[in-house]
Every structure is written in C-alpha cells, then in structure tokens.
Amino acid sequence: MTQTIEAPPGGFEQLSLREYAEKAYLDYSMYVVLDRALPSIADGLKPVQRRIVYAMSELGLSASSKHKKSARTVGDVIGKFHPHGDSACYEAMVLMAQPFSYRYPLVDGQGNFGSVDDPKSFAAMRYTESRLSAYAKVLLSELGQGTVDWQPNYDGTQTEPTLLPARLPNVLLNGASGIAVGMATDVPPHNMKEVASACIRLLANSRTPVAELCEHIKGPDFPTGAEIITPPEDIRAMYETGHGSIKLRAVWKREDGNIVITALPHQVSPNKIQEQIAAQIRAKKLPMLDDFRDEGDHENPTRLVLIPRSNRVDVYGLMSHLFATTDLERNVRVNLNLIGTNGRPQVKNLAQILNEWLAFRTETVRRRLQWRLDKVLDRLHILEGLLVAYLNIDEVIRIVREEDEPGPVLMKTFNLSERQSEAILDLKLRHLARLEEMKIQGEQAELEDERKTLEGILNSPRKLKKLIADEIASDVKTHGDERRCQIVAREPAEAMSETDLMPTEPVTVVLSQGGWARAAKGHEIDASTLNFKSGDGYLASARGRSNQQAVFLDSKGRSYSLAAHTLPSARSQGEPLTSRFSPAAGAQFCAAIAGRPEDKVLLASSFGYGFFTSLENLYTRAKAGKASLTVPAGAAVLTPSMVSEPATDRVVAVTSGGYLLAFSLADLPEMARGKGNKIINIPPKLLKAGDERVVAVVCAPEGADVLAHSGGRHLRLKPKDLEHYTGERAKRGRKLPRGFQKVDSLVVEA
C-alpha cells in the first residue's frame with residue numbers, strides 16, 4: 001500500500017515533517033487494515049491465512065496426502081508469499097489447526113498443537129507435521145478454473161491469488177478477530193447448516209430482512225460448546241447493527257452428588273477456572289465447596305468436578321455464584337467489521353454480509369462456467385478442424401508431405417483457422433485410424449451438450465441461483481454438523497452475599513453487663529462461666545450460626561444488628577458494642593438474639609405490653625439502631641423469647657406480685673415494631689406506684705415445661721399445671737403458690 005513519490009528533476013523533493021508523518025502513518029494504517037488485521041468477506045481469510053492455505057495446496061498437502069513438517073510449509077510461505085516473521089506465520093497456521101479455536105479447522109495437525117488449557121503451548125514447527133483439512137477443499141477446489149484474479153508475489157517472481165474462491169461463507173463459519181489501526185473486528189463462528197440455510201433463503205429473495213434470517217441463524221456457534229444465554233431479541237439486534245456481545249455460560253450437570261462441568265465458554269481454559277475457584281477457597285469465600293479436580297482427558301477435554309460439602313448445599317445457588325465471579329460465564333464481543341468486495345472495511349449487518357458474499361459467489365460461479373465454456377468452445381473448434389482432416393485425409397497427407405509450409409496451405413485449402421491447422425499438424429500417425437474419427441464425433445456430441453448446458457445456465461439467472469444453492473447444499477452435506485452451543489434462557493447469575501459465603505458453624509453470642517460482646521464456637525458452652533473484665537459480668541447469650549445476624553436490644557427498645565462472624569472470639573473478653581454502634585445517651589444494651597431472618601421472637605416491656613415479630617424486622621445497618629419496641633417511661637425491656645410455632649405456642653407471663661398468666665400466642669399480634677398489646681394486667685395504681693412490674697415473658701412450645709425461678713428454688717409447671725393459669729390475654733392471671741411469688745425469671749424446658 002506504500003505510495004512512491006516521484007523525484008523531481010532536481011533529484012529530491014521537499015516535504016514538511018507534518019505532511020510526511022501524516023502520509024506515512026496513513027499508508028501504514030491502510031496496510032495494517034487491508035493486508036494484516038481484517039478478513040475479507042469473500043473467503044473469510046486474512047492475507048497470511050490465505051497464503052498459508054495456498055502454499056500448502058501448492059505443496060500437495062491435501063487432506064488425502066501424508067503430513068509434512070510444518071517448518072516446510074512455513075518456509076514456503078515466508079519465502080514465496082509472506083516476507084514476515086516465521087513465528088507469527090507458524091502461530092497463524094497453528095490457530096487454523098486447533099479444533100477449540102476454529103469451528104471448522106483448515107489445517108490438520110499432527111503433534112502438539114496446543115491445548116484448551118494453553119493454546120500457545122504448541123511445539124516448535126520442526127517437531128509438528130501438518131496438511132490441509134478436508135474442509136479446506138471448500139476454499140481451493142475452484143482455484144485453477146479462472147474464478148479469481150491473481151497478483152505478483154512480493155518479489156514478482158511468482159503469482160498468488162488475491163482471494164480464494166470459497167464455496168461457503170467461511171467468514172461466518174470460522175469467524176475472525178483482529179486489531180487494526182483505529183478499528184478492530186470480532187466475528188464469531190457459526191453453524192454451517194444454519195448459515196447455508198440462510199444463504200439459500202437469500203438466493204430466493206435477496207431482500208429478506210435480518211429478522212427472518214434469524215429464523216435460520218439462531219446465533220453464533222462456538223467450537224467449545226458452551227450455552228448461549230443472550231436473549232433472542234439481543235442476538236437479533238446484534239445481527240441488525242453489526243455490534244453487540246454474546247453471553248456464554250459453562251454447561252454442567254449433577255453426577256453422584258457432585259457438580260460436573262462439561263463445556264466452557266470460548267477461549268476459557270480449565271486451568272484458569274481452577275485458579276479462580278482455588279483463590280476463592282483460600283479466601284474462605286466458598287465454604288460450601290469441599291474439593292474440586294480436573295478429570296479432563298483425550299476423550300473428554302473438559303471435565304471439571306466440584307464436590308460440595310454435603311447434599312444440603314444449594315448447588316444452583318453455588319453455580320450462580322461461580323458464574324458471577326469466575327469465567328464460567330463471560331461476554332464475547334461481536335463487531336462485524338469486514339473488508340467488502342469493494343476493498344473497503346465496513347461494519348455490516350447479517351443481511352449485508354450474506355448478500356455481499358452471495359454476489360461474490362455468483363460472480364465466481366459465473367467466471368468458472370465461462371472459463372469452462374471457453375475451454376469447450378476452443379475444443380469444439382479444434383475438433384471441427386480435425387474432423388475436416390479425417391474426411392480429407394489423403395489430401396492432408398499430400399500437403400504435409402509436399403508443401404514446405406503446410407500450415408498456411410491447409411488453412412487456405414480447407415478454410416481452417418491457425419489453431420485448427422496447428423492441431424492437424426500435431427496429429428500422430430496412430431491417430432489417423434477410422435476409430436479416432438468416431439471418437440472425435442462422440443466427443444464433439446458430448447461437448448455440444450455441455451456447451452448448451454453452460455450457455456443455458458449463464459443466460460438464466462434462475463438456473464444460476466439454483467446451481468449455487470445445489471452446490472451449497474452439497475458442501476453442507478459433506479462438511480456440516482449439528483449445533484454445539486445451545487441457545488437457552490437462564491436466570492441472571494448472582495454472586496452470593498458475604499453472609500451466605502461464611503461457614504455455617506454454630507456459635508453462641510455472649511453479651512456482658514457492660515455491653516461487651518463476643519462469639520463462642522458451638523452451642524454447648526456455658527456463657528456464664530466465661531471470664532469477664534473486672535467489674536463486669538454475664539448478662540445474656542443467644543444461640544445462632546456464624547452466617548447469621550446477631551441482634552442486640554438496648555434499654556430504650558432500639559435494635560442493632562451485625563454479622564455474627566465479625567464478633568471477636570470468646571477466648572478474648574470481646575469488644576464494646578459502642579465501638580460498632582451509637583446508642584442514645586443513657587441507653588444500655590440489655591439483650592442478645594440470634595437466629596434465621598424468618599424466625600419469630602417475642603418482645604415485651606415490664607409494663608406488660610408486647611408483640612412478636614420476625615427477626616429480620618430487627619435488622620438494620622444504622623449505627624444509631626432501629627426503633628423496634630416502644631418502651632413507656634419507667635418501663636424496662638424484658639428478655640426476648642424465641643417463638644417455636646406461632647399457632648401452638650403459649651405465652652407465659654409473671655409479675656413481681658406473683659401473678660402468672662398463660663394464653664395462646666395467636667391472641668397476640670405480629671407487628672414490625674411498636675408498643676404491642678397488653679399481655680397481663682397490672683392494676684394502674686400498682687403500676688403507677690412502681691409496686692408491681694412484669695418480671696418475665698416467655699413462649700412455651702406445646703408440651704414444654706416452664707420453670708419459675710425464685711431465689712435458689714424453682715417451681716416446675718408442666719403443661720397440665722399451666723392449664724390452671726391459662727386465661728384470656730390481658731387478664732390478671734392467678735397467684736403462684738406461697739414461697740414462689742417472688743419470681744426472678746422463667747425458663748422453658750422442651
């Protein structure tokens with residue numbers, strides 16, 4: 001593409017540096033665009049690929065021949081047609097031989113041509129052997145039939161084809177990628193059967209819109225066979241504009257409780273996936289995964305086995321997380337930027353690409369037929385002269401024997417052309433037999449039939465289109481296969497939250513009287529026996545799991561929450577909750593709760609009001625907490641009680657006056673926050689004077705005992721004993737036996 005500047009008479013030409021740099025860079029840019037980076041829409045090849053394929057055909061390396069050292073091919077390519085680096089040329093050839101890189105490989109390699117794990121791990125060209133694949137015949141079979149133009153090679157000693165006469169739209173079948181100057185291309189590969197069907201549809205109606213072509217071409221078809229989860233409308237928009245992206249997702253299945261990944265997105269290696277998963281395991285972000293291994297072999301190149309910790313692991317949630325955080329799901333960019341038959345790069349839509357290729361194919365077939373017709377007409381012309389010679393054999397022999405220049409005499413005597421006379425003079429004596437005359441007449445009849453057929457096709461656009469369609473269908477029957485990438489609808493991948501990824505270990509959350517918190521592993525620990533700071537002591541504890549939220553209540557009824565796994569270990573004395581939260585002045589932390597978000601908990605104040613709510617209603621990210629329980633002035637927050645079953649649990653409340661009331665939890669409202677309803681009645685006079693308060697409120701599951709602790713003694717109330725104290729909500733209840741009227745707390749024993 002470099003343009004030579006003619007030297008003026010003075011021997012040199014002066015240019016400003018700006019003009020020279022601009023022109024030089026423009027020349028370089030055009031060279032890179034047209035001769036290096038972008039493929040042609042005609043044969044789908046870049047110049048280096050075209051030269052490799054042509055050089056191999058010249059070496060006789062067809063699909064039926066023996067393999068030959070790759071170094072021989074590379075030497076011919078760079079020595080005769082492509083004067084560039086041997087390593088770049090060899091890498092281009094290797095790429096065309098990798099079945100995981102090319103949908104329909106053009107080169108059949110023998111030896112180490114790389115692997116999915118590392119496509120560039122191929123052996124040196126002196127160790128590998130190669131030949132053309134059977135599919136390459138689609139590009140080369142019509143090369144010597146006048147179908148394409150030829151140009152001198154770089155040193156003018158030989159000629160090479162400017163394009164290859166592709167019988168199928170290879171640019172879509174194998175795709176292409178490249179980066180030029182100011183532009184790039186990313187054409188994904190497609191399925192041969194689908195593309196051929198669309199071509200035949202366009203031959204019938206060249207104005208078929210892209211939307212109807214998408215009935216044939218469902219989407220790209222990558223060689224590694226992952227799932228395409230891009231919505232059909234997005235795929236259609238990509239084909240209409242020439243820009244877009246395709247989302248690929250790995251294919252997996254359940255096998256003996258394990259997760260087996262059998263196909264990965266295009267250009268994603270199993271090694272990279274293993275590294276990404278291993279990094280998450282080291283960071284303790286995949287606690288539900290016990291192990292993983294690569295069981296890939298020659299028959300199954302992709303087989304990654306993930307082993308969950310137990311059969312209770314949500315494998316669909318796990319895979320959704322891996323899709324969102326690893327290359328098991330990735331986007332492939334699509335940019336249909338191609339060099340058209342007019343020699344200019346342009347982003348084209350699907351209909352433009354196929355119509356332009358069909359125009360190239362039509363012209364190629366027309367040139368092939370015309371080339372053959374010219375050969376037939378030339379042969380008929382010669383046969384006509386030979387037949388004249390056979391009919392006048394004696395006179396022909398006399399002229400040849402007696403005349404000094406028999407050619408002109410033959411031409412004048414029998415009204416022959418120079419080509420005919422030369423053919424007669426080139427006859428051998430053994431061809432002068434009577435049998436040869438019959439052969440000539442037979443050949444002449446066959447060629448006349450062929451001439452009529454060729455002229456009929458060339459003069460009929462309908463017949464020409466039918467011939468092209470039949471040839472496309474024939475090639476597809478030989479080389480076509482089924483789609484590898486299924487197009488399916490899937491839910492969007494979603495990464496798990498930090499809480500979901502934490503190990504689900506049992507923990508006991510411990511709260512001290514001074515508002516210090518910590519978490520001990522397990523539920524068997526007796527929190528009251530732990531060491532506390534001087535002047536501090538045990539206040540409350542709650543059993544939960546490490547991936548759950550720990551909730552704390554303060555004396556003003558506000559709730560605070562944090563992830564249980566973020567609390568310091570029980571081996572230490574914990575940390576003050578005031579370092580995490582900002583309670584109001586005078587508020588003291590007084591209770592701890594832990595459990596699942598959907599678990600229910602009963603909240604109450606010492607004035608005898610309360611309600612039950614879901615634990616998630618107490619969650620908050622605010623450092624100042626969340627107003628949950630409305631605590632009247634002078635009242636205190638009672639220890640919360642976990643609800644087992646709202647429909648059957650009983651509420652048991654006891655006052656400092658020794659009154660105990662039991663009633664069904666169903667009589668109490670479920671609320672998100674507030675004061676709640678009256679649980680047990682305390683006369684207003686006693687309540688106002690502060691002479692009586694509610695001491696404890698608990699939820700007792702059906703069949704559970706309730707222990708009423710009074711000093712060092714306790715009273716066990718079995719379910720039948722509680723019947724004596726059962727009444728309507730908000731009633732006074734009944735007095736406990738003498739000696740147990742000063743109750744400190746209530747404890748439920750299931």
# chains A, B, ... in the order shown; residues from 1 in each chain; ligands from 1
>>> residues_around(residues="Val643 of chain A", least_positions_apart="5", cutoff="9 Å", atoms="only C-alpha atoms", output="list in words")
Asp599, Lys600, Val601, Leu602, Phe612, Asp649, Leu665, Val698, Cys699, Ala700 and Pro701 of chain A
>>> residues_around(residues="segment 240-254 of chain A", least_positions_apart="6", cutoff="7 Å", atoms="only C-alpha atoms", output="list in words")
Val210, Ala226, Glu227, Ile228, Ile229, Thr230, Val260, Ile261, Thr262, Ala263, Leu264, Pro265, Leu328, Glu329, Arg330, Asn331, Val332, Arg333, Val334, Asn335, Leu336, Val347, Lys348, Asn349 and Leu350 of chain A
>>> residues_around(residues="Gly85 of chain A", least_positions_apart="6", cutoff="12 Å", atoms="only C-alpha atoms", output="PDB file with N, CA, C and O atoms, in the first residue's frame")
ATOM      1  N   VAL A  48      -2.232 -13.535   5.530  1.00  0.00           N
ATOM      2  CA  VAL A  48      -1.321 -14.585   5.965  1.00  0.00           C
ATOM      3  C   VAL A  48      -2.009 -15.945   5.950  1.00  0.00           C
ATOM      4  O   VAL A  48      -1.411 -16.961   5.569  1.00  0.00           O
ATOM      5  N   VAL A  74       5.942 -23.397   6.511  1.00  0.00           N
ATOM      6  CA  VAL A  74       6.268 -22.033   6.929  1.00  0.00           C
ATOM      7  C   VAL A  74       7.368 -21.464   6.050  1.00  0.00           C
ATOM      8  O   VAL A  74       7.329 -20.289   5.656  1.00  0.00           O
ATOM      9  N   GLY A  75       8.343 -22.280   5.710  1.00  0.00           N
ATOM     10  CA  GLY A  75       9.425 -21.818   4.842  1.00  0.00           C
ATOM     11  C   GLY A  75       8.914 -21.380   3.485  1.00  0.00           C
ATOM     12  O   GLY A  75       9.338 -20.341   2.953  1.00  0.00           O
ATOM     13  N   VAL A  77       5.870 -20.372   2.780  1.00  0.00           N
ATOM     14  CA  VAL A  77       5.003 -19.196   2.922  1.00  0.00           C
ATOM     15  C   VAL A  77       5.829 -17.920   3.018  1.00  0.00           C
ATOM     16  O   VAL A  77       5.596 -16.949   2.289  1.00  0.00           O
ATOM     17  N   ILE A  78       6.802 -17.917   3.927  1.00  0.00           N
ATOM     18  CA  ILE A  78       7.567 -16.675   4.127  1.00  0.00           C
ATOM     19  C   ILE A  78       8.589 -16.462   3.013  1.00  0.00           C
ATOM     20  O   ILE A  78       9.007 -15.334   2.759  1.00  0.00           O
ATOM     21  N   GLY A  79       8.988 -17.534   2.344  1.00  0.00           N
ATOM     22  CA  GLY A  79       9.971 -17.381   1.275  1.00  0.00           C
ATOM     23  C   GLY A  79       9.357 -16.945  -0.037  1.00  0.00           C
ATOM     24  O   GLY A  79      10.001 -16.254  -0.829  1.00  0.00           O
ATOM     25  N   GLU A  91       2.343 -19.446  14.079  1.00  0.00           N
ATOM     26  CA  GLU A  91       1.245 -19.301  15.037  1.00  0.00           C
ATOM     27  C   GLU A  91      -0.093 -19.170  14.320  1.00  0.00           C
ATOM     28  O   GLU A  91      -1.111 -19.713  14.764  1.00  0.00           O
ATOM     29  N   ALA A  92      -0.108 -18.474  13.202  1.00  0.00           N
ATOM     30  CA  ALA A  92      -1.337 -18.360  12.415  1.00  0.00           C
ATOM     31  C   ALA A  92      -1.765 -19.718  11.875  1.00  0.00           C
ATOM     32  O   ALA A  92      -2.965 -20.040  11.836  1.00  0.00           O
TER      33      ALA A  92
END
>>> select_by_dssp(residues="segment 47-244 of chain A", states="helix (DSSP H, G or I)", output="JSON, numbers by chain")
{"A": [47, 48, 49, 50, 51, 52, 53, 54, 55, 56, 57, 58, 70, 71, 72, 73, 74, 75, 76, 77, 78, 79, 80, 81, 86, 87, 88, 89, 90, 91, 92, 93, 94, 95, 96, 97, 134, 135, 136, 137, 138, 139, 140, 170, 171, 172, 173, 192, 193, 194, 195, 196, 197, 198, 199, 200, 201, 202, 203, 204, 210, 211, 212, 213, 232, 233, 234, 235, 236, 237, 238, 239, 240, 241]}
>>> residues_around(residues="segment 161-168 of chain A", least_positions_apart="4", cutoff="9 Å", atoms="only C-alpha atoms", output="count of residues only")
36
>>> select_by_dssp(residues="segment 709-739 of chain A", states="strand (DSSP E or B)", output="list of chain:residue names")
A:His709, A:Ser710, A:Arg713, A:His714, A:Leu715, A:Arg716, A:Leu717, A:Thr726, A:Arg734, A:Lys735
>>> write_last_selection(atoms="all heavy atoms", output="compact mmCIF listing (two decimals), in the first residue's frame")
# COMPACT_ATOMS: atom_id res chain seq x y z
N HIS A 709 -38.16 -19.55 88.46
CA HIS A 709 -37.07 -19.46 89.42
C HIS A 709 -37.37 -18.36 90.44
O HIS A 709 -37.71 -17.23 90.07
CB HIS A 709 -35.75 -19.17 88.70
CG HIS A 709 -35.24 -20.34 87.93
ND1 HIS A 709 -34.37 -21.25 88.46
CD2 HIS A 709 -35.50 -20.75 86.66
CE1 HIS A 709 -34.08 -22.17 87.55
NE2 HIS A 709 -34.76 -21.89 86.44
N SER A 710 -37.20 -18.72 91.68
CA SER A 710 -37.40 -17.77 92.79
C SER A 710 -36.26 -17.95 93.77
O SER A 710 -36.24 -18.92 94.56
CB SER A 710 -38.75 -18.03 93.47
OG SER A 710 -38.94 -17.15 94.56
N ARG A 713 -34.55 -21.46 94.47
CA ARG A 713 -35.53 -22.52 94.25
C ARG A 713 -36.22 -22.30 92.90
O ARG A 713 -36.17 -21.22 92.33
CB ARG A 713 -36.57 -22.51 95.38
CG ARG A 713 -35.96 -22.58 96.78
CD ARG A 713 -36.99 -22.20 97.84
NE ARG A 713 -38.12 -23.10 97.81
CZ ARG A 713 -39.31 -22.84 98.38
NH1 ARG A 713 -39.46 -21.67 99.01
NH2 ARG A 713 -40.30 -23.70 98.32
N HIS A 714 -36.90 -23.34 92.41
CA HIS A 714 -37.68 -23.18 91.19
C HIS A 714 -38.93 -24.05 91.27
O HIS A 714 -38.95 -25.08 91.96
CB HIS A 714 -36.86 -23.55 89.95
CG HIS A 714 -36.57 -25.01 89.82
ND1 HIS A 714 -35.42 -25.58 90.31
CD2 HIS A 714 -37.29 -26.02 89.24
CE1 HIS A 714 -35.42 -26.88 90.06
NE2 HIS A 714 -36.55 -27.18 89.41
N LEU A 715 -39.95 -23.60 90.59
CA LEU A 715 -41.22 -24.32 90.52
C LEU A 715 -41.40 -24.79 89.08
O LEU A 715 -41.38 -24.00 88.15
CB LEU A 715 -42.38 -23.39 90.91
CG LEU A 715 -43.79 -23.97 90.74
CD1 LEU A 715 -44.00 -25.15 91.71
CD2 LEU A 715 -44.84 -22.89 90.98
N ARG A 716 -41.58 -26.13 88.91
CA ARG A 716 -41.77 -26.69 87.56
C ARG A 716 -43.26 -26.72 87.26
O ARG A 716 -44.04 -27.35 87.98
CB ARG A 716 -41.17 -28.09 87.47
CG ARG A 716 -41.34 -28.73 86.08
CD ARG A 716 -40.68 -30.10 86.03
NE ARG A 716 -39.24 -29.99 86.14
CZ ARG A 716 -38.41 -29.78 85.13
NH1 ARG A 716 -38.90 -29.63 83.91
NH2 ARG A 716 -37.13 -29.71 85.33
N LEU A 717 -43.61 -26.06 86.20
CA LEU A 717 -45.00 -26.03 85.75
C LEU A 717 -45.12 -26.86 84.48
O LEU A 717 -44.65 -26.46 83.41
CB LEU A 717 -45.45 -24.59 85.49
CG LEU A 717 -45.40 -23.65 86.70
CD1 LEU A 717 -45.67 -22.23 86.27
CD2 LEU A 717 -46.40 -24.10 87.76
N THR A 726 -54.09 -20.68 82.80
CA THR A 726 -54.50 -20.25 81.46
C THR A 726 -55.75 -19.39 81.53
O THR A 726 -56.70 -19.71 82.24
CB THR A 726 -54.73 -21.47 80.55
OG1 THR A 726 -53.52 -22.22 80.47
CG2 THR A 726 -55.16 -21.02 79.16
N ARG A 734 -53.37 -15.84 87.80
CA ARG A 734 -53.55 -16.43 89.12
C ARG A 734 -52.25 -16.34 89.90
O ARG A 734 -51.17 -16.34 89.34
CB ARG A 734 -53.99 -17.88 88.99
CG ARG A 734 -55.36 -18.03 88.34
CD ARG A 734 -55.93 -19.38 88.61
NE ARG A 734 -57.26 -19.51 88.04
CZ ARG A 734 -58.17 -20.36 88.48
NH1 ARG A 734 -57.88 -21.16 89.49
NH2 ARG A 734 -59.37 -20.44 87.91
N LYS A 735 -52.43 -16.33 91.20
CA LYS A 735 -51.30 -16.19 92.11
C LYS A 735 -50.55 -17.52 92.18
O LYS A 735 -51.16 -18.59 92.22
CB LYS A 735 -51.78 -15.79 93.49
CG LYS A 735 -50.72 -15.16 94.37
CD LYS A 735 -51.03 -13.70 94.55
CE LYS A 735 -50.02 -13.10 95.53
NZ LYS A 735 -50.07 -11.65 95.58
>>> residues_around(residues="Ala627 of chain A", least_positions_apart="5", cutoff="9 Å", atoms="only C-alpha atoms", output="list in words")
Lys556, Gly557, Arg558, Ser559, Leu618, Arg673 and Gly674 of chain A
>>> atom_distance(atom1="atom CA of Ile525 of chain A", atom2="atom CA of Arg545 of chain A")
13.9 Å
>>> residues_around(residues="Glu494 of chain A", least_positions_apart="6", cutoff="6 Å", atoms="only C-alpha atoms", output="MDAnalysis selection string")
chainID A and resid 320:321 324
>>> residues_around(residues="Arg201 of chain A", least_positions_apart="6", cutoff="10 Å", atoms="only C-alpha atoms", output="PyMOL selection string")
chain A and resi 195+207-208+212-213+216+469
>>> atom_distance(atom1="atom CA of Ala647 of chain A", atom2="atom CA of Glu670 of chain A")
11.8 Å
>>> closest_residue(among="A:Gln352, A:Ser628, A:Ser606, A:Asn300", to="Leu687 of chain A", atoms="only C-alpha atoms")
A:Ser606
>>> closest_residue(among="A:Gly658, A:Gly296, A:Pro632, A:Pro189", to="Gly676 of chain A", atoms="only C-alpha atoms")
A:Pro632
>>> closest_residue(among="A:Arg732, A:Arg312, A:His82, A:Arg518", to="Leu562 of chain A", atoms="only C-alpha atoms")
A:Arg518
>>> closest_residue(among="A:Asp118, A:Leu132, A:Asp291, A:Tyr31", to="Leu59 of chain A", atoms="only C-alpha atoms")
A:Leu132
>>> decode(residues="segment 356-397 of chain A", atoms="C-alpha atoms", output="PDB file, in the first residue's frame")
ATOM      1  CA  GLU A 356     -22.304  -9.483  -0.489  1.00  0.00           C
ATOM      2  CA  TRP A 357     -20.821 -12.969  -0.193  1.00  0.00           C
ATOM      3  CA  LEU A 358     -23.542 -14.361  -2.469  1.00  0.00           C
ATOM      4  CA  ALA A 359     -22.709 -11.667  -5.017  1.00  0.00           C
ATOM      5  CA  PHE A 360     -19.060 -12.754  -4.828  1.00  0.00           C
ATOM      6  CA  ARG A 361     -20.092 -16.412  -5.098  1.00  0.00           C
ATOM      7  CA  THR A 362     -22.348 -15.683  -8.068  1.00  0.00           C
ATOM      8  CA  GLU A 363     -19.536 -13.916  -9.897  1.00  0.00           C
ATOM      9  CA  THR A 364     -17.151 -16.746  -9.009  1.00  0.00           C
ATOM     10  CA  VAL A 365     -19.505 -19.389 -10.398  1.00  0.00           C
ATOM     11  CA  ARG A 366     -20.135 -17.258 -13.486  1.00  0.00           C
ATOM     12  CA  ARG A 367     -16.400 -16.964 -14.116  1.00  0.00           C
ATOM     13  CA  ARG A 368     -15.966 -20.699 -13.564  1.00  0.00           C
ATOM     14  CA  LEU A 369     -18.739 -21.530 -16.034  1.00  0.00           C
ATOM     15  CA  GLN A 370     -17.430 -19.015 -18.564  1.00  0.00           C
ATOM     16  CA  TRP A 371     -13.915 -20.434 -18.201  1.00  0.00           C
ATOM     17  CA  ARG A 372     -15.256 -23.911 -18.842  1.00  0.00           C
ATOM     18  CA  LEU A 373     -17.386 -22.695 -21.756  1.00  0.00           C
ATOM     19  CA  ASP A 374     -14.340 -21.076 -23.341  1.00  0.00           C
ATOM     20  CA  LYS A 375     -12.482 -24.379 -22.994  1.00  0.00           C
ATOM     21  CA  VAL A 376     -15.395 -26.270 -24.538  1.00  0.00           C
ATOM     22  CA  LEU A 377     -15.719 -23.845 -27.444  1.00  0.00           C
ATOM     23  CA  ASP A 378     -11.981 -23.981 -28.083  1.00  0.00           C
ATOM     24  CA  ARG A 379     -12.042 -27.770 -28.083  1.00  0.00           C
ATOM     25  CA  LEU A 380     -15.079 -27.858 -30.395  1.00  0.00           C
ATOM     26  CA  HIS A 381     -13.253 -25.542 -32.756  1.00  0.00           C
ATOM     27  CA  ILE A 382     -10.255 -27.874 -32.827  1.00  0.00           C
ATOM     28  CA  LEU A 383     -12.446 -30.971 -33.218  1.00  0.00           C
ATOM     29  CA  GLU A 384     -14.178 -29.329 -36.164  1.00  0.00           C
ATOM     30  CA  GLY A 385     -10.799 -28.900 -37.863  1.00  0.00           C
ATOM     31  CA  LEU A 386      -9.715 -32.453 -37.028  1.00  0.00           C
ATOM     32  CA  LEU A 387     -12.926 -33.804 -38.473  1.00  0.00           C
ATOM     33  CA  VAL A 388     -12.219 -31.956 -41.730  1.00  0.00           C
ATOM     34  CA  ALA A 389      -8.771 -33.539 -41.782  1.00  0.00           C
ATOM     35  CA  TYR A 390     -10.195 -37.040 -41.303  1.00  0.00           C
ATOM     36  CA  LEU A 391     -12.715 -36.524 -44.077  1.00  0.00           C
ATOM     37  CA  ASN A 392      -9.881 -35.389 -46.401  1.00  0.00           C
ATOM     38  CA  ILE A 393      -7.084 -37.488 -45.037  1.00  0.00           C
ATOM     39  CA  ASP A 394      -5.366 -38.192 -48.409  1.00  0.00           C
ATOM     40  CA  GLU A 395      -5.194 -34.543 -49.370  1.00  0.00           C
ATOM     41  CA  VAL A 396      -3.967 -33.570 -45.899  1.00  0.00           C
ATOM     42  CA  ILE A 397      -1.182 -36.159 -46.110  1.00  0.00           C
TER      43      ILE A 397
END
